[in-house]
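Trainee: Can you keep this structure in mind? I'll have questions shortly.
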Amino acid sequence: GSLIEQLTTEKYECMVCCEVVRIVAPVWSCQNCYHVFHLNCIKKWARSPASQAEDGNSGWRCPACQNASMQVPKTYTCFCGKVHNPEWNRNEIPHSCGELCGKKRQCLDCPHLCNILCHPGPCPSCPAFVTKSCECGQTSHSVRCGQSTKIRCSNVCGNTLNCGKHSCTQVCHAGKCSPCQLTVQQVCYCGSNFKEVLCGSKEEFSDGFGSFSCQNICGKKLNCGRHNCKQVCHPQPCQLCPRLPQVVYRCPCGQTPLSKLLELGCVERKICTDPIPSCGKTCGKPLSCGSYEFIHTCESLCHEGDCRPCSHTSNIYCRCGFKKKVSTSWGLFLFLIAAITFMCDKRCNKKRSCGRHKCNEVCCVDTEHKCSLVCGRKLNCGLHRCEEPCHRGSCQSCWQTSFDELTCYCGESVIYPPVPCGTQPPECKKTCTRPHDCDHPVYHSCHSEEKCPPCTYLTQKWCMGKHEVSYGQLIFLNTKQFSRTLDSSICGTIRHRLICQVQIQASTFIGDCSLCVSCCLSFQSCVMESSFCCHKLNLMFFFFRIAAISIATKLTDLQLGDSVEISRLITKKEMKQAR
């Protein structure tokens with residue numbers, strides 16, 4: 001109704017050009033969504049790349065419902081498609097022919113055509129009434145034509161089930177009836193066992209002798225009436241008795257025909273219970289023991305029934321072939337079981353695939369000797385251990401990863417996640433911001449070590465006796481590398497020396513400022529109370545002073561950005577420790 005009103009009042013807009021659809025303008029209507037478009041607009045849209053279907057072979061798509069069409073509209077027709085270029089009539093719907101629609105309705109069950117005048121949009125539901133039967137077909141009702149609802153009565157279905165013997169007991173229902181759920185009893189071919197199966201199933205098949213095989217010995221009486229069937233439960237009739245005179249033609253071992261034995265005077269057999277004449281030769285039937293290369297045969301004389309056990313012995317080797325034992329022949333099957341289960345006590349001394357551990361398996365038959373232990377060595381990160389099976393060569397890199405940012409101490413340099421395990425903090429060129437023990441200027445960069453390097457600021461220091469000041473000393477050095485000497489005249493013309501109190505780093509206390517207890521007979525023979533020569537100490541202190549001044553000069557050059565060679569200022573032992 002609203003579509004007809006909008007077309008009549010010229011308020012309906014084309015979705016392609018967004019302009020009003022005039023009464024006299026040629027139009028095209030989609031048969032899926034019933035939208036109305038200008039004919040020229042829909043032609044342009046159908047040829048444009050935007051209208052093509054996704055697969056490229058299904059034609060063009062409707063702008064409204066995306067329904068694919070193969071043919072491009074070329075002519076202007078009415079809504080029912082009977083009249084080309086319909087003329088506009090004031091008393092009729094625009095773009096219609098004014099005749100009966102006559103299109104088939106959307107309902108599949110409705111056989112009636114649309115009986116209203118040519119119109120846009122879908123056809124209304126059929127107003128006719130028809131008679132429909134219920135699902136089981138026992139009752140019928142009068143309903144609206146095209147009604148999709150199923151009719152069900154309250155009666156029992158009663159249709160024959162798949163077995164062909166029973167009827168459906170459900171109330172009137174849609175679709176096929178369910179398979180028969182009743183069970184029937186079946187008997188095996190030999191008649192000794194029974195089982196229950198669903199009625200109508202494939203297992204219900206029977207050939208007159210039974211329905212299935214119980215896999216036991218049949219046991220039925222044979223046609224002779226004296227012997228029983230020794231075959232497994234079978235569907236066909238039992239075979240003839242294997243001992244009947246008309247069936248047996250040779251002696252028990254099969255080497256001599258009975259006709260020759262009859263010529264030699266043997267009694268002719270009449271019934272199946274009569275004994276079969278023996279030829280007197282060695283039986284020679286192959287026994288179940290032995291192997292494919294060496295077949296053991298029966299050594300008894302020609303006889304009826306089963307052969308005696310084998311008297312031969314066989315050698316059984318263990319799995320690795322190191323040890324063997326002799327056993328009697330029990331049969332091929334038992335012989336193979338004994339050969340598989342027999343094992344020696346020898347342990348394998350070969351290296352496993354990892355090259356680190358020994359196999360140590362008892363009676364080993366493995367050729368690869370794969371190691372089943374866990375590697376357990378530390379990975380390159382130094383925090384985790386390898387969890388792979390023990391292997392040769394280097395372990396793989398640590399697979400664990402951190403998703404937190406890794407920064408230096410001050411936070412200026414950042415490594416963004418993911419960060420592999422074991423990654424060191426980034427290098428930072430900013431000045432160290434850690435708290436220091438002294439108030440001197442800081443010249444080293446930000447670092448990840450917890451302890452800062454020693455302060456390189458040069459300062460002044462007093463000697464232990466407060467006699468003089470030394471300039472350009474490193475603050476972290478504990479050794480006072482200078483001395484103060486005083487002269488005094490004691491014991492006539494002999495001169496003595498007064499030495500300042502000295503403390504050497506990592507050494508014991510030497511002495512206080514006291515006179516030398518022994519006279520100095522010569523420059524080389526002066527000895528102190530503490531067993532240290534005054535002159536040697538002075539020379540050592542003088543060397544320390546020069547070394548300290550040299551190190552201070554080198555550190556000053558380092559602060560200015562120059563490279564310095566300090567191998568001459570340290571000993572070989574310290575160089576090895578630094579490496």
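Going through the structure tokens in order, the chains are called A, B, and so on, while each chain numbers its residues from 1 and the ligands are numbered from 1 in the order shown.
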Give me, as a list of chain:residue names, all polymer residues having an atom no more than 8 Å from region 246-259 of chain A, counting only C-alpha atoms and skipping those fewer than 6 positions away in the same chain.

Mentor: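 Everything that qualifies: A:Ile276, A:Pro277, A:Ser278, A:Cys279, A:Cys283, A:Gly284, A:Lys285, A:Cys302, A:His303, A:Glu304.
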
Trainee: Output as a short mmCIF file (atom, residue, chain, number, x, y, z; two decimals) with N, CA, C and O atoms, in the first residue's frame all residues of region 16-122 of chain A that backbone DSSP marks as strand (DSSP E).

Mentor:
data_model
loop_
_atom_site.label_atom_id
_atom_site.label_comp_id
_atom_site.auth_asym_id
_atom_site.auth_seq_id
_atom_site.Cartn_x
_atom_site.Cartn_y
_atom_site.Cartn_z
N VAL A 27 10.70 2.58 -15.70
CA VAL A 27 11.24 2.03 -14.45
C VAL A 27 11.52 0.54 -14.61
O VAL A 27 11.11 -0.10 -15.58
N TRP A 28 12.23 0.01 -13.63
CA TRP A 28 12.49 -1.43 -13.53
C TRP A 28 12.33 -1.84 -12.07
O TRP A 28 12.78 -1.15 -11.16
N SER A 29 11.65 -2.98 -11.82
CA SER A 29 11.38 -3.45 -10.46
C SER A 29 12.10 -4.77 -10.22
O SER A 29 12.02 -5.69 -11.06
N VAL A 36 11.96 -0.25 -6.80
CA VAL A 36 11.73 0.33 -8.12
C VAL A 36 12.87 1.30 -8.42
O VAL A 36 13.23 2.14 -7.57
N PHE A 37 13.46 1.22 -9.64
CA PHE A 37 14.56 2.08 -10.06
C PHE A 37 14.24 2.65 -11.43
O PHE A 37 13.42 2.10 -12.19
N HIS A 38 14.92 3.76 -11.77
CA HIS A 38 14.86 4.26 -13.14
C HIS A 38 15.52 3.24 -14.07
O HIS A 38 16.55 2.66 -13.72
N TRP A 60 25.36 -9.28 -12.23
CA TRP A 60 25.42 -8.04 -11.46
C TRP A 60 24.46 -8.11 -10.28
O TRP A 60 23.52 -8.89 -10.27
N ARG A 61 24.71 -7.29 -9.27
CA ARG A 61 23.95 -7.33 -8.02
C ARG A 61 22.97 -6.17 -7.95
O ARG A 61 23.26 -5.05 -8.40
N ALA A 68 21.80 -11.46 -7.24
CA ALA A 68 22.54 -11.48 -8.50
C ALA A 68 21.60 -11.81 -9.66
O ALA A 68 20.74 -12.69 -9.55
N SER A 69 21.77 -11.10 -10.78
CA SER A 69 21.00 -11.33 -12.01
C SER A 69 21.97 -11.44 -13.17
O SER A 69 23.00 -10.75 -13.22
#

Trainee: Show me, as a PyMOL selection string, the residues that have an atom within 10 Å of Glu10 (chain A) when counting only C-alpha atoms, minus same-chain residues fewer than 6 positions from it.

Mentor: chain A and resi 4+20-23+94

Trainee: Using only C-alpha atoms, which of the listed residues (A:Glu449, A:Glu99, A:Glu299, A:Glu361) sits closest to Glu427 (chain A)?

Mentor: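 Answer, going by the shortest atom-to-atom distance: A:Glu449.
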
Trainee: Looking at only C-alpha atoms, which of A:Pro242, A:Gly200, A:Pro286, A:Gly137 is the one that sits closest to Cys298 (chain A)?

Mentor: A:Pro286

Trainee: So which residues touch region 232-238 of chain A within 12 Å, counting only C-alpha atoms, skipping near sequence neighbours fewer than 3 positions away, as a CSV table (one decimal) with N, CA, C and O atoms, in the first residue's frame?

Mentor:
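File produced: out.csv:
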chain,number,residue,atom,x,y,z
A,187,VAL,N,19.6,-67.5,16.5
A,187,VAL,CA,20.3,-68.7,16.9
A,187,VAL,C,21.5,-68.8,16.0
A,187,VAL,O,21.4,-68.4,14.8
A,188,CYS,N,22.7,-69.3,16.5
A,188,CYS,CA,23.8,-69.5,15.6
A,188,CYS,C,23.6,-70.7,14.7
A,188,CYS,O,22.6,-71.4,14.8
A,189,TYR,N,24.6,-71.0,13.8
A,189,TYR,CA,24.4,-72.0,12.8
A,189,TYR,C,24.4,-73.4,13.5
A,189,TYR,O,23.7,-74.3,13.0
A,190,CYS,N,25.2,-73.6,14.5
A,190,CYS,CA,25.3,-74.9,15.2
A,190,CYS,C,24.2,-75.1,16.2
A,190,CYS,O,24.0,-76.2,16.7
A,191,GLY,N,23.5,-74.0,16.5
A,191,GLY,CA,22.3,-74.1,17.5
A,191,GLY,C,22.7,-74.1,18.9
A,191,GLY,O,21.8,-74.3,19.8
A,192,SER,N,23.9,-73.7,19.3
A,192,SER,CA,24.3,-73.7,20.7
A,192,SER,C,24.3,-72.4,21.4
A,192,SER,O,24.3,-72.3,22.6
A,193,ASN,N,24.3,-71.3,20.6
A,193,ASN,CA,24.2,-69.9,21.2
A,193,ASN,C,23.1,-69.1,20.6
A,193,ASN,O,22.7,-69.3,19.5
A,205,PHE,N,19.3,-61.2,9.3
A,205,PHE,CA,19.3,-62.2,8.2
A,205,PHE,C,19.5,-63.6,8.6
A,205,PHE,O,20.3,-63.9,9.5
A,206,SER,N,18.8,-64.5,8.0
A,206,SER,CA,18.9,-65.9,8.3
A,206,SER,C,18.8,-66.7,7.0
A,206,SER,O,18.0,-66.4,6.1
A,207,ASP,N,19.7,-67.8,6.9
A,207,ASP,CA,19.7,-68.6,5.6
A,207,ASP,C,19.0,-69.9,5.8
A,207,ASP,O,19.2,-70.9,5.0
A,208,GLY,N,18.3,-70.1,6.9
A,208,GLY,CA,17.6,-71.4,7.2
A,208,GLY,C,18.4,-72.3,8.2
A,208,GLY,O,17.7,-73.1,8.9
A,209,PHE,N,19.7,-72.1,8.2
A,209,PHE,CA,20.5,-72.9,9.2
A,209,PHE,C,20.8,-72.2,10.4
A,209,PHE,O,21.1,-72.8,11.5
A,210,GLY,N,20.7,-70.8,10.4
A,210,GLY,CA,21.0,-70.0,11.5
A,210,GLY,C,21.2,-68.6,11.0
A,210,GLY,O,21.0,-68.2,9.9
A,211,SER,N,21.6,-67.7,12.0
A,211,SER,CA,21.8,-66.3,11.6
A,211,SER,C,23.2,-65.8,11.8
A,211,SER,O,23.6,-64.8,11.2
A,212,PHE,N,24.1,-66.5,12.6
A,212,PHE,CA,25.4,-66.0,12.8
A,212,PHE,C,26.3,-67.2,13.3
A,212,PHE,O,25.8,-68.3,13.6
A,213,SER,N,27.6,-66.9,13.3
A,213,SER,CA,28.6,-68.0,13.7
A,213,SER,C,29.1,-67.6,15.1
A,213,SER,O,29.5,-66.5,15.3
A,214,CYS,N,29.0,-68.6,16.0
A,214,CYS,CA,29.5,-68.4,17.3
A,214,CYS,C,31.0,-68.7,17.5
A,214,CYS,O,31.6,-68.5,18.6
A,215,GLN,N,31.7,-69.1,16.4
A,215,GLN,CA,33.1,-69.4,16.4
A,215,GLN,C,33.5,-70.5,17.3
A,215,GLN,O,34.7,-70.7,17.6
A,216,ASN,N,32.6,-71.3,17.7
A,216,ASN,CA,32.9,-72.6,18.4
A,216,ASN,C,32.9,-73.8,17.5
A,216,ASN,O,32.4,-73.7,16.3
A,217,ILE,N,33.3,-74.9,18.0
A,217,ILE,CA,33.3,-76.2,17.2
A,217,ILE,C,31.8,-76.6,17.0
A,217,ILE,O,31.0,-76.5,17.9
A,218,CYS,N,31.5,-76.9,15.7
A,218,CYS,CA,30.1,-77.2,15.4
A,218,CYS,C,29.6,-78.4,16.2
A,218,CYS,O,28.6,-78.2,16.9
A,219,GLY,N,30.2,-79.5,16.2
A,219,GLY,CA,29.8,-80.6,17.1
A,219,GLY,C,28.5,-81.4,16.6
A,219,GLY,O,28.1,-82.3,17.4
A,220,LYS,N,28.0,-81.1,15.5
A,220,LYS,CA,26.8,-81.8,15.0
A,220,LYS,C,27.2,-83.2,14.5
A,220,LYS,O,28.4,-83.4,14.1
A,221,LYS,N,26.3,-84.1,14.6
A,221,LYS,CA,26.5,-85.5,14.1
A,221,LYS,C,26.7,-85.5,12.6
A,221,LYS,O,25.9,-84.8,11.9
A,222,LEU,N,27.7,-86.2,12.1
A,222,LEU,CA,27.9,-86.3,10.7
A,222,LEU,C,26.9,-87.3,10.0
A,222,LEU,O,26.1,-87.9,10.7
A,223,ASN,N,27.0,-87.4,8.7
A,223,ASN,CA,26.0,-88.3,8.1
A,223,ASN,C,26.2,-89.8,8.4
A,223,ASN,O,25.3,-90.6,8.3
A,224,CYS,N,27.4,-90.1,8.9
A,224,CYS,CA,27.6,-91.5,9.3
A,224,CYS,C,26.9,-91.8,10.6
A,224,CYS,O,26.7,-93.0,11.0
A,227,HIS,N,30.4,-90.0,14.2
A,227,HIS,CA,31.4,-89.0,14.5
A,227,HIS,C,30.7,-87.6,14.4
A,227,HIS,O,29.6,-87.4,13.8
A,228,ASN,N,31.3,-86.7,15.1
A,228,ASN,CA,30.8,-85.3,15.2
A,228,ASN,C,31.7,-84.4,14.3
A,228,ASN,O,32.8,-84.6,14.0
A,229,CYS,N,31.0,-83.3,13.9
A,229,CYS,CA,31.7,-82.3,13.0
A,229,CYS,C,32.7,-81.5,13.8
A,229,CYS,O,32.4,-81.0,14.9
A,241,CYS,N,31.7,-87.6,6.5
A,241,CYS,CA,32.6,-88.1,7.5
A,241,CYS,C,34.0,-88.4,6.8
A,241,CYS,O,34.0,-89.1,5.8
A,242,PRO,N,35.1,-87.8,7.4
A,242,PRO,CA,36.4,-88.0,6.7
A,242,PRO,C,36.9,-89.4,6.8
A,242,PRO,O,37.9,-89.7,6.2

Trainee: Which residues are near Ser402 (chain A)? Cut-off 10 Å, only C-alpha atoms, ignore same chain within fewer than 6 positions. Put them as number ranges by chain.

Mentor: A: 416-423

Trainee: Any idea what's packed within 7 Å of region 375-388 of chain A, counting only C-alpha atoms, ignoring anything in its chain fewer than 2 positions away? Could you give it as a PyMOL selection string?

Mentor: chain A and resi 373+390-391+395+397-398+421-422

Trainee: Would you list the contacts of Leu100 (chain A) as a list in words, taking every protein, DNA or RNA residue within 9 Å and counting only C-alpha atoms, but skipping same-chain residues closer than 6 positions in sequence?

Mentor: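 Final neighbour list, sorted by chain and number: Cys80, Cys114, Asn115, Ile116, Leu117, Cys118 and His119 of chain A.
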